[in-house]
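What follows is the content of coords.txt (compact mmCIF, C-alpha atoms).
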# COMPACT_ATOMS: atom_id res chain seq x y z
CA MET A 21 0.00 0.00 0.00
CA THR A 22 1.48 3.33 -1.08
CA THR A 23 0.78 6.74 0.31
CA ALA A 24 0.67 9.99 -1.60
CA PRO A 25 3.82 12.10 -1.14
CA LEU A 26 3.51 15.17 1.00
CA ASP A 27 3.44 18.47 -0.83
CA LEU A 28 5.83 20.67 1.12
CA ASN A 29 4.75 23.73 -0.86
CA VAL A 30 1.27 23.65 0.59
CA ILE A 31 0.97 26.00 3.55
CA PRO A 32 -1.69 24.90 6.04
CA LYS A 33 -4.38 27.45 6.69
CA ALA A 34 -4.63 28.97 10.11
CA PRO A 35 -7.84 28.12 11.95
CA SER A 36 -10.42 30.82 11.40
CA LYS A 37 -12.87 32.12 13.97
CA PRO A 38 -16.61 31.98 13.39
CA LEU A 39 -18.24 35.24 12.37
CA GLY A 40 -20.07 35.45 15.70
CA ALA A 41 -16.80 35.21 17.67
CA ILE A 42 -15.19 37.90 15.51
CA LEU A 43 -18.15 40.24 16.04
CA LEU A 44 -18.04 39.58 19.79
CA ASP A 45 -14.31 40.42 19.89
CA LEU A 46 -14.92 43.64 17.96
CA LEU A 47 -17.75 44.55 20.34
CA ILE A 48 -15.63 43.94 23.46
CA TRP A 49 -12.45 45.70 22.30
CA GLY A 50 -14.41 48.43 20.57
CA GLY A 51 -16.28 49.02 23.83
CA VAL A 52 -12.99 49.29 25.71
CA ALA A 53 -11.73 51.86 23.19
CA VAL A 54 -14.94 53.89 23.47
CA VAL A 55 -14.73 53.92 27.28
CA LEU A 56 -11.09 55.05 27.13
CA VAL A 57 -11.91 57.93 24.81
CA TYR A 58 -14.99 58.88 26.83
CA SER A 59 -12.97 58.89 30.07
CA ILE A 60 -10.28 61.34 28.90
CA LYS A 61 -12.17 64.32 30.31
CA ALA A 62 -13.37 62.48 33.43
CA VAL A 63 -9.80 61.73 34.56
CA ASN A 64 -8.46 65.18 33.55
CA LEU A 65 -5.95 63.60 31.19
CA GLY A 66 -5.67 66.93 29.38
CA ASP A 67 -3.94 68.41 32.43
CA ILE A 68 -0.94 66.11 32.02
CA THR A 69 0.94 68.99 30.41
CA LYS A 70 1.16 70.59 33.86
CA LEU A 71 3.84 68.06 34.69
CA PHE A 72 6.18 69.87 32.33
CA GLU A 73 5.35 73.40 33.45
CA ARG A 74 7.76 75.21 35.73
CA ASN A 75 6.59 74.97 39.31
CA GLU A 76 8.75 76.26 42.15
CA HIS A 77 6.98 74.17 44.79
CA THR A 78 7.52 70.98 42.81
CA GLN A 79 11.19 71.83 42.33
CA ASP A 80 11.65 72.48 46.05
CA PHE A 81 9.87 69.21 46.87
CA ILE A 82 12.09 67.23 44.51
CA ALA A 83 15.20 68.95 45.88
CA GLU A 84 14.27 67.85 49.40
CA LEU A 85 13.61 64.29 48.29
CA LEU A 86 17.02 64.11 46.70
CA ARG A 87 18.66 64.77 50.09
CA PRO A 88 17.39 61.94 52.32
CA ASP A 89 17.93 62.26 56.05
CA PHE A 90 18.86 58.94 57.69
CA ALA A 91 19.30 60.36 61.19
CA ASP A 92 16.53 58.08 62.54
CA TRP A 93 17.38 55.09 60.35
CA LYS A 94 17.19 52.64 63.27
CA ILE A 95 13.56 53.59 63.88
CA TYR A 96 12.78 53.29 60.17
CA VAL A 97 14.39 49.84 59.87
CA ALA A 98 12.60 48.60 63.00
CA LYS A 99 9.25 49.80 61.68
CA MET A 100 9.95 48.29 58.26
CA TRP A 101 10.70 44.96 59.94
CA GLU A 102 7.38 45.26 61.78
CA THR A 103 5.68 45.86 58.43
CA VAL A 104 7.23 42.71 56.98
CA GLN A 105 6.03 40.71 59.99
CA ILE A 106 2.50 42.09 59.52
CA ALA A 107 2.55 41.01 55.87
CA LEU A 108 3.99 37.60 56.76
CA TRP A 109 1.38 36.80 59.41
CA GLY A 110 -1.45 38.22 57.31
CA THR A 111 -0.45 36.02 54.38
CA PHE A 112 0.04 32.98 56.63
CA LEU A 113 -3.46 33.25 58.09
CA ALA A 114 -4.93 33.95 54.64
CA ILE A 115 -3.48 30.73 53.23
CA PHE A 116 -5.23 28.59 55.85
CA ALA A 117 -8.54 30.32 55.09
CA ALA A 118 -8.03 30.19 51.31
CA ILE A 119 -7.34 26.45 51.05
CA PRO A 120 -10.83 25.25 52.15
CA LEU A 121 -12.48 28.19 50.36
CA GLY A 122 -10.57 27.45 47.15
CA LEU A 123 -11.49 23.76 47.23
CA ALA A 124 -15.13 24.53 47.99
CA ALA A 125 -15.26 27.05 45.11
CA ALA A 126 -13.87 24.66 42.48
CA ARG A 127 -16.68 23.52 40.19
CA ASN A 128 -14.99 20.23 39.32
CA ILE A 129 -14.89 18.91 42.90
CA ALA A 130 -17.68 20.72 44.78
CA PRO A 131 -21.44 20.78 44.10
CA ILE A 132 -22.97 23.97 42.73
CA TRP A 133 -24.94 24.62 45.93
CA VAL A 134 -21.60 24.88 47.75
CA VAL A 135 -19.68 26.69 44.98
CA THR A 136 -22.14 29.57 44.60
CA PRO A 137 -22.26 30.87 48.23
CA VAL A 138 -18.51 30.33 48.68
CA ARG A 139 -17.80 32.42 45.59
CA TRP A 140 -20.05 35.16 46.99
CA VAL A 141 -18.00 35.15 50.18
CA MET A 142 -14.77 35.32 48.15
CA ASN A 143 -16.09 38.25 46.13
CA LEU A 144 -17.06 40.06 49.33
CA LEU A 145 -13.60 39.60 50.86
CA ARG A 146 -11.87 40.83 47.70
CA SER A 147 -14.14 43.80 47.08
CA ILE A 148 -13.74 45.54 50.48
CA PRO A 149 -10.57 47.71 50.45
CA ASP A 150 -7.81 46.92 52.94
CA LEU A 151 -8.11 50.37 54.49
CA VAL A 152 -11.81 49.88 55.29
CA ILE A 153 -11.19 46.47 56.86
CA GLY A 154 -8.21 47.90 58.73
CA LEU A 155 -10.28 50.77 60.14
CA LEU A 156 -12.89 48.27 61.31
CA PHE A 157 -10.28 46.27 63.22
CA VAL A 158 -8.64 49.42 64.59
CA VAL A 159 -11.99 50.29 66.16
CA ALA A 160 -12.44 46.71 67.40
CA VAL A 161 -8.99 45.94 68.84
CA GLY A 162 -7.24 49.32 68.94
CA LEU A 163 -4.15 50.72 67.28
CA GLY A 164 -1.17 48.51 66.52
CA PRO A 165 -0.02 45.75 64.19
CA LEU A 166 -2.93 43.36 64.87
CA PRO A 167 -5.52 45.30 62.80
CA GLY A 168 -3.07 45.27 59.89
CA VAL A 169 -2.57 41.51 60.17
CA LEU A 170 -6.32 40.83 60.25
CA ALA A 171 -7.09 43.24 57.39
CA ILE A 172 -4.46 41.66 55.15
CA ALA A 173 -5.58 38.16 56.13
CA LEU A 174 -9.21 38.74 55.12
CA ASN A 175 -8.51 40.51 51.85
CA THR A 176 -5.76 38.10 50.83
CA ALA A 177 -7.92 35.09 51.72
CA GLY A 178 -10.46 36.21 49.11
CA VAL A 179 -7.78 36.72 46.45
CA LEU A 180 -5.93 33.47 47.12
CA ALA A 181 -9.16 31.47 47.33
CA LYS A 182 -10.06 32.58 43.81
CA LEU A 183 -6.60 31.72 42.48
CA PHE A 184 -6.58 28.39 44.32
CA SER A 185 -10.01 27.43 42.93
CA GLU A 186 -8.95 28.27 39.36
CA ALA A 187 -5.85 26.11 39.78
CA VAL A 188 -8.00 23.21 40.99
CA GLU A 189 -10.38 23.59 38.07
CA SER A 190 -7.47 23.21 35.61
CA ILE A 191 -6.02 19.97 37.04
CA ASP A 192 -5.61 16.72 35.13
CA LYS A 193 -8.50 14.38 35.94
CA GLY A 194 -6.38 11.26 35.50
CA PRO A 195 -4.75 11.14 38.95
CA VAL A 196 -8.08 11.88 40.63
CA GLU A 197 -9.82 9.09 38.75
CA GLY A 198 -6.94 6.75 39.59
CA VAL A 199 -7.34 7.44 43.30
CA ARG A 200 -11.11 7.04 42.98
CA ALA A 201 -10.64 3.65 41.29
CA THR A 202 -8.98 2.33 44.43
CA GLY A 203 -12.20 2.95 46.36
CA ALA A 204 -10.86 5.98 48.21
CA SER A 205 -13.14 8.54 49.82
CA PRO A 206 -13.63 12.06 48.35
CA LEU A 207 -11.30 13.43 51.02
CA HIS A 208 -8.57 11.03 49.91
CA GLU A 209 -9.19 12.03 46.28
CA ILE A 210 -8.49 15.65 47.21
CA PHE A 211 -5.49 14.81 49.38
CA TRP A 212 -3.79 12.41 46.93
CA GLY A 213 -5.20 13.44 43.55
CA VAL A 214 -5.70 17.21 43.72
CA ILE A 215 -3.26 18.68 46.26
CA PRO A 216 -0.06 17.22 44.69
CA GLN A 217 -0.99 18.79 41.35
CA VAL A 218 -1.77 22.28 42.63
CA ALA A 219 0.67 22.59 45.55
CA PRO A 220 3.53 24.20 43.55
CA LEU A 221 1.16 26.69 41.92
CA TRP A 222 -0.55 27.47 45.22
CA THR A 223 2.84 28.14 46.80
CA SER A 224 3.78 30.47 43.96
CA PHE A 225 0.51 32.39 44.37
CA ALA A 226 1.06 32.68 48.12
CA LEU A 227 4.59 34.01 47.67
CA TYR A 228 3.42 36.58 45.17
CA ARG A 229 0.70 37.76 47.54
CA PHE A 230 3.27 38.06 50.31
CA GLU A 231 5.21 40.44 48.06
CA SER A 232 2.06 42.49 47.45
CA ASN A 233 1.11 42.45 51.13
CA SER A 234 4.49 43.90 52.06
CA ARG A 235 3.44 47.00 50.16
CA SER A 236 -0.17 46.91 51.39
CA ALA A 237 1.01 46.74 55.01
CA THR A 238 2.87 50.00 54.45
CA VAL A 239 -0.35 51.74 53.41
CA LEU A 240 -2.26 50.28 56.36
CA GLY A 241 0.16 52.03 58.69
CA LEU A 242 -1.44 55.30 57.63
CA ILE A 243 -4.57 54.43 59.65
CA GLY A 244 -2.66 53.35 62.73
CA ALA A 245 -2.41 49.65 61.85
CA GLY A 246 1.27 49.44 62.70
CA GLY A 247 4.40 49.37 60.62
CA ILE A 248 6.39 51.98 58.79
CA GLY A 249 3.33 53.58 57.24
CA GLN A 250 2.62 55.46 60.48
CA VAL A 251 6.14 56.90 60.49
CA LEU A 252 5.79 57.89 56.84
CA PHE A 253 2.46 59.58 57.55
CA ASP A 254 3.90 61.52 60.50
CA ARG A 255 6.89 62.75 58.49
CA MET A 256 4.63 63.83 55.63
CA ASN A 257 2.35 65.78 57.97
CA ALA A 258 5.43 67.53 59.38
CA PHE A 259 6.58 68.39 55.83
CA ASP A 260 9.87 66.68 56.65
CA PHE A 261 10.44 65.56 53.09
CA ARG A 262 14.07 64.58 53.67
CA SER A 263 12.92 62.00 56.23
CA VAL A 264 10.12 60.97 53.87
CA SER A 265 12.75 60.28 51.23
CA ALA A 266 14.76 58.15 53.65
CA VAL A 267 11.67 56.12 54.63
CA VAL A 268 10.73 55.57 50.99
CA LEU A 269 14.24 54.37 50.16
CA ILE A 270 14.13 51.87 53.02
CA ILE A 271 10.75 50.62 51.80
CA ILE A 272 12.13 50.22 48.27
CA VAL A 273 15.14 48.25 49.49
CA ALA A 274 13.01 45.99 51.71
CA VAL A 275 10.43 45.26 49.00
CA THR A 276 13.19 44.59 46.46
CA LEU A 277 14.85 42.09 48.78
CA ILE A 278 11.51 40.37 49.39
CA ASP A 279 10.87 40.18 45.64
CA MET A 280 14.29 38.63 45.03
CA LEU A 281 13.79 36.06 47.79
CA SER A 282 10.32 35.21 46.52
CA GLN A 283 11.53 34.77 42.94
CA THR A 284 14.30 32.44 44.12
CA MET A 285 11.82 30.33 46.08
CA ARG A 286 9.35 30.15 43.18
CA LYS A 287 12.07 28.99 40.76
CA ARG A 288 12.95 26.14 43.12
CA LEU A 289 9.31 25.10 43.36
CA LEU A 290 8.22 25.20 39.69
What does the file become when written as structure tokens?
Amino acid sequence: MTTAPLDLNVIPKAPSKPLGAILLDLLIWGGVAVVLVYSIKAVNLGDITKLFERNEHTQDFIAELLRPDFADWKIYVAKMWETVQIALWGTFLAIFAAIPLGLAAARNIAPIWVVTPVRWVMNLLRSIPDLVIGLLFVVAVGLGPLPGVLAIALNTAGVLAKLFSEAVESIDKGPVEGVRATGASPLHEIFWGVIPQVAPLWTSFALYRFESNSRSATVLGLIGAGGIGQVLFDRMNAFDFRSVSAVVLIIIVAVTLIDMLSQTMRKRLL
């Protein structure tokens, strides 16, 4: 039996989209373009030229920032370390809340009557800003690092739960079916068939959120939730821009080091 020789001059055609899909894409991206154009006036984008106008106050402000004052550097470093600890504990608590939420929100392992309310809870946790949650806990437990930890934990739990559930929904069904074939319970299916597949990705997500929370914890300090944000807020109110510059530089160095450590850990996991 002979086969026809392949014609190397024939270029295969790229798969084409249906007309309905093309129209939907045009509608979506065209809508985005219309909103962007419509929003130019709403966001005062026309005033961007003021950045290039001569302004003595701006020049003085920049001159002060370029001469950082590290006289109180020990206080700044100690408060930055407190900020990192707030982010670390907030992320740690969020992971333990996100694991059951993420599993319960995955459509391929949980029934719809469980998935729907859990996703509502996740949306609620993600939609409330950190500052609002932080203010609530400041009123409840007082000033200090604890409100920052709790605020980060709640918000991050909603974000990680969504990412965890999406990772579960994209797993290979083969290992799960193999575990099920042995007569294992649903809990064993999750423990032996699901968790080993998603654990590296979950860890990567958690590390990334820790990086983000290191910055969020700085902002939470502005409302009295501990960390270097309170020091930054005090120096700004005193118009001590040289100290502000020093605090910002310490924040940049700390966040950069955290990013480098996180990247190294993720490369070893994936």
List the neighbours of Val275 (chain A) out to 9 Å using only C-alpha atoms; skip same-chain residues closer than 3 positions along the sequence, and give me the result as number ranges by chain.
-> A: 104, 231-232, 234-235, 270-272, 278-280
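Atom pair CA of Ser282 (chain A) / CA of Val214 (chain A) has a distance of 24.3 Å (rounded to one decimal).
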Pick from A:Gly178, A:Gly213, A:Gly154, A:Gly66: nearest to Ile243 (chain A), with only C-alpha atoms counted?
->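 Looking at the shortest contact to Ile243 (chain A), the residue is A:Gly154.
Of the residues listed (A:Pro38, A:Pro120, A:Gly198, A:Gly246), A:Gly246 shows the shortest atom-to-atom separation from Ala171 (chain A); distances use all atoms listed in the file.
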Interatomic distance, CA of Leu221 (chain A) to CA of Arg286 (chain A) (Å, one decimal) | 9.0 Å
Around (5.4, 33.8, 52.0) in the file's own coordinates, what residues are found within 8 Å if you use all atoms listed in the file, given back as a short mmCIF file (atom, residue, chain, number, x, y, z; two decimals) with C-alpha atoms, keeping the file's coordinate frame?
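The result, stored in out_28.cif:
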data_model
loop_
_atom_site.label_atom_id
_atom_site.label_comp_id
_atom_site.auth_asym_id
_atom_site.auth_seq_id
_atom_site.Cartn_x
_atom_site.Cartn_y
_atom_site.Cartn_z
CA LEU A 108 3.99 37.60 56.76
CA THR A 111 -0.45 36.02 54.38
CA PHE A 112 0.04 32.98 56.63
CA ALA A 226 1.06 32.68 48.12
CA LEU A 227 4.59 34.01 47.67
CA TYR A 228 3.42 36.58 45.17
CA ARG A 229 0.70 37.76 47.54
CA PHE A 230 3.27 38.06 50.31
CA GLU A 231 5.21 40.44 48.06
CA SER A 282 10.32 35.21 46.52
#
May I have the residues within 12 Å of Ile119 (chain A) as a PyMOL selection string, using only C-alpha atoms and disregarding those fewer than 6 positions away in the same chain?
-> chain A and resi 112-113+125-126+142+176-188+210-211+214-215+218-219+222-223+225-226
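You will find CA of Glu209 (chain A) at 25.6 Å from CA of Trp140 (chain A).
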Take the point (11.8, 49.0, 57.1) as written in the file and pick out every residue within 8 Å of it, counting only C-alpha atoms; give the list as a PyMOL selection string.
-> chain A and resi 96-104+248+267+270-271+274
Identify, on the basis of only C-alpha atoms, every residue whose closest approach to region 77-93 of chain A does not exceed 6 Å; exclude the query and any residue fewer than 2 positions from it along the same chain; express the result as a PyMOL selection string.
-> chain A and resi 75+95-96+261-263+265-266
Missing atoms in region 262-288 of chain A: can you complete it with N, CA, C and O atoms, as a short mmCIF file (atom, residue, chain, number, x, y, z; two decimals), in the coordinates of the input?
data_model
loop_
_atom_site.label_atom_id
_atom_site.label_comp_id
_atom_site.auth_asym_id
_atom_site.auth_seq_id
_atom_site.Cartn_x
_atom_site.Cartn_y
_atom_site.Cartn_z
N ARG A 262 12.80 65.30 53.66
CA ARG A 262 14.07 64.58 53.67
C ARG A 262 13.92 63.25 54.40
O ARG A 262 14.45 62.22 53.97
N SER A 263 13.19 63.26 55.52
CA SER A 263 12.92 62.00 56.23
C SER A 263 11.98 61.11 55.42
O SER A 263 12.13 59.89 55.41
N VAL A 264 11.01 61.74 54.74
CA VAL A 264 10.12 60.97 53.87
C VAL A 264 10.93 60.23 52.81
O VAL A 264 10.68 59.05 52.53
N SER A 265 11.90 60.91 52.23
CA SER A 265 12.75 60.28 51.23
C SER A 265 13.51 59.09 51.80
O SER A 265 13.61 58.03 51.17
N ALA A 266 14.03 59.25 53.03
CA ALA A 266 14.76 58.15 53.65
C ALA A 266 13.84 56.95 53.91
O ALA A 266 14.22 55.79 53.66
N VAL A 267 12.62 57.21 54.38
CA VAL A 267 11.67 56.12 54.63
C VAL A 267 11.32 55.40 53.33
O VAL A 267 11.28 54.17 53.27
N VAL A 268 11.09 56.17 52.28
CA VAL A 268 10.73 55.57 50.99
C VAL A 268 11.87 54.70 50.46
O VAL A 268 11.64 53.61 49.94
N LEU A 269 13.10 55.16 50.61
CA LEU A 269 14.24 54.37 50.16
C LEU A 269 14.35 53.06 50.93
O LEU A 269 14.64 52.00 50.35
N ILE A 270 14.09 53.10 52.22
CA ILE A 270 14.13 51.87 53.02
C ILE A 270 13.02 50.91 52.59
O ILE A 270 13.23 49.70 52.50
N ILE A 271 11.85 51.46 52.29
CA ILE A 271 10.75 50.62 51.80
C ILE A 271 11.13 49.97 50.47
O ILE A 271 10.88 48.78 50.26
N ILE A 272 11.73 50.75 49.58
CA ILE A 272 12.13 50.22 48.27
C ILE A 272 13.13 49.08 48.42
O ILE A 272 13.02 48.03 47.78
N VAL A 273 14.13 49.29 49.28
CA VAL A 273 15.14 48.25 49.49
C VAL A 273 14.51 46.99 50.07
O VAL A 273 14.79 45.87 49.63
N ALA A 274 13.64 47.14 51.06
CA ALA A 274 13.01 45.99 51.71
C ALA A 274 12.13 45.21 50.73
O ALA A 274 12.20 43.98 50.65
N VAL A 275 11.31 45.93 49.96
CA VAL A 275 10.43 45.26 49.00
C VAL A 275 11.24 44.58 47.91
O VAL A 275 10.90 43.47 47.47
N THR A 276 12.33 45.20 47.48
CA THR A 276 13.19 44.59 46.46
C THR A 276 13.80 43.29 46.97
O THR A 276 13.84 42.28 46.26
N LEU A 277 14.28 43.30 48.21
CA LEU A 277 14.85 42.09 48.78
C LEU A 277 13.79 40.98 48.90
O LEU A 277 14.08 39.80 48.64
N ILE A 278 12.59 41.35 49.29
CA ILE A 278 11.51 40.37 49.39
C ILE A 278 11.18 39.80 48.02
O ILE A 278 10.97 38.58 47.87
N ASP A 279 11.14 40.65 47.01
CA ASP A 279 10.87 40.18 45.64
C ASP A 279 11.95 39.20 45.18
O ASP A 279 11.63 38.17 44.57
N MET A 280 13.20 39.51 45.45
CA MET A 280 14.29 38.63 45.03
C MET A 280 14.21 37.29 45.74
O MET A 280 14.38 36.23 45.13
N LEU A 281 13.92 37.31 47.04
CA LEU A 281 13.79 36.06 47.79
C LEU A 281 12.61 35.24 47.28
O LEU A 281 12.72 34.02 47.12
N SER A 282 11.50 35.91 47.01
CA SER A 282 10.32 35.21 46.52
C SER A 282 10.57 34.59 45.15
O SER A 282 10.15 33.45 44.90
N GLN A 283 11.23 35.31 44.26
CA GLN A 283 11.53 34.77 42.94
C GLN A 283 12.42 33.53 43.04
O GLN A 283 12.22 32.55 42.32
N THR A 284 13.41 33.59 43.93
CA THR A 284 14.30 32.44 44.12
C THR A 284 13.51 31.22 44.62
O THR A 284 13.71 30.10 44.13
N MET A 285 12.61 31.44 45.54
CA MET A 285 11.82 30.33 46.08
C MET A 285 10.88 29.77 45.03
O MET A 285 10.69 28.55 44.93
N ARG A 286 10.27 30.63 44.22
CA ARG A 286 9.35 30.15 43.18
C ARG A 286 10.10 29.33 42.12
O ARG A 286 9.56 28.33 41.62
N LYS A 287 11.31 29.74 41.77
CA LYS A 287 12.07 28.99 40.76
C LYS A 287 12.41 27.59 41.27
O LYS A 287 12.48 26.65 40.48
N ARG A 288 12.63 27.44 42.55
CA ARG A 288 12.95 26.14 43.12
C ARG A 288 11.72 25.24 43.22
O ARG A 288 11.83 24.03 43.33
#
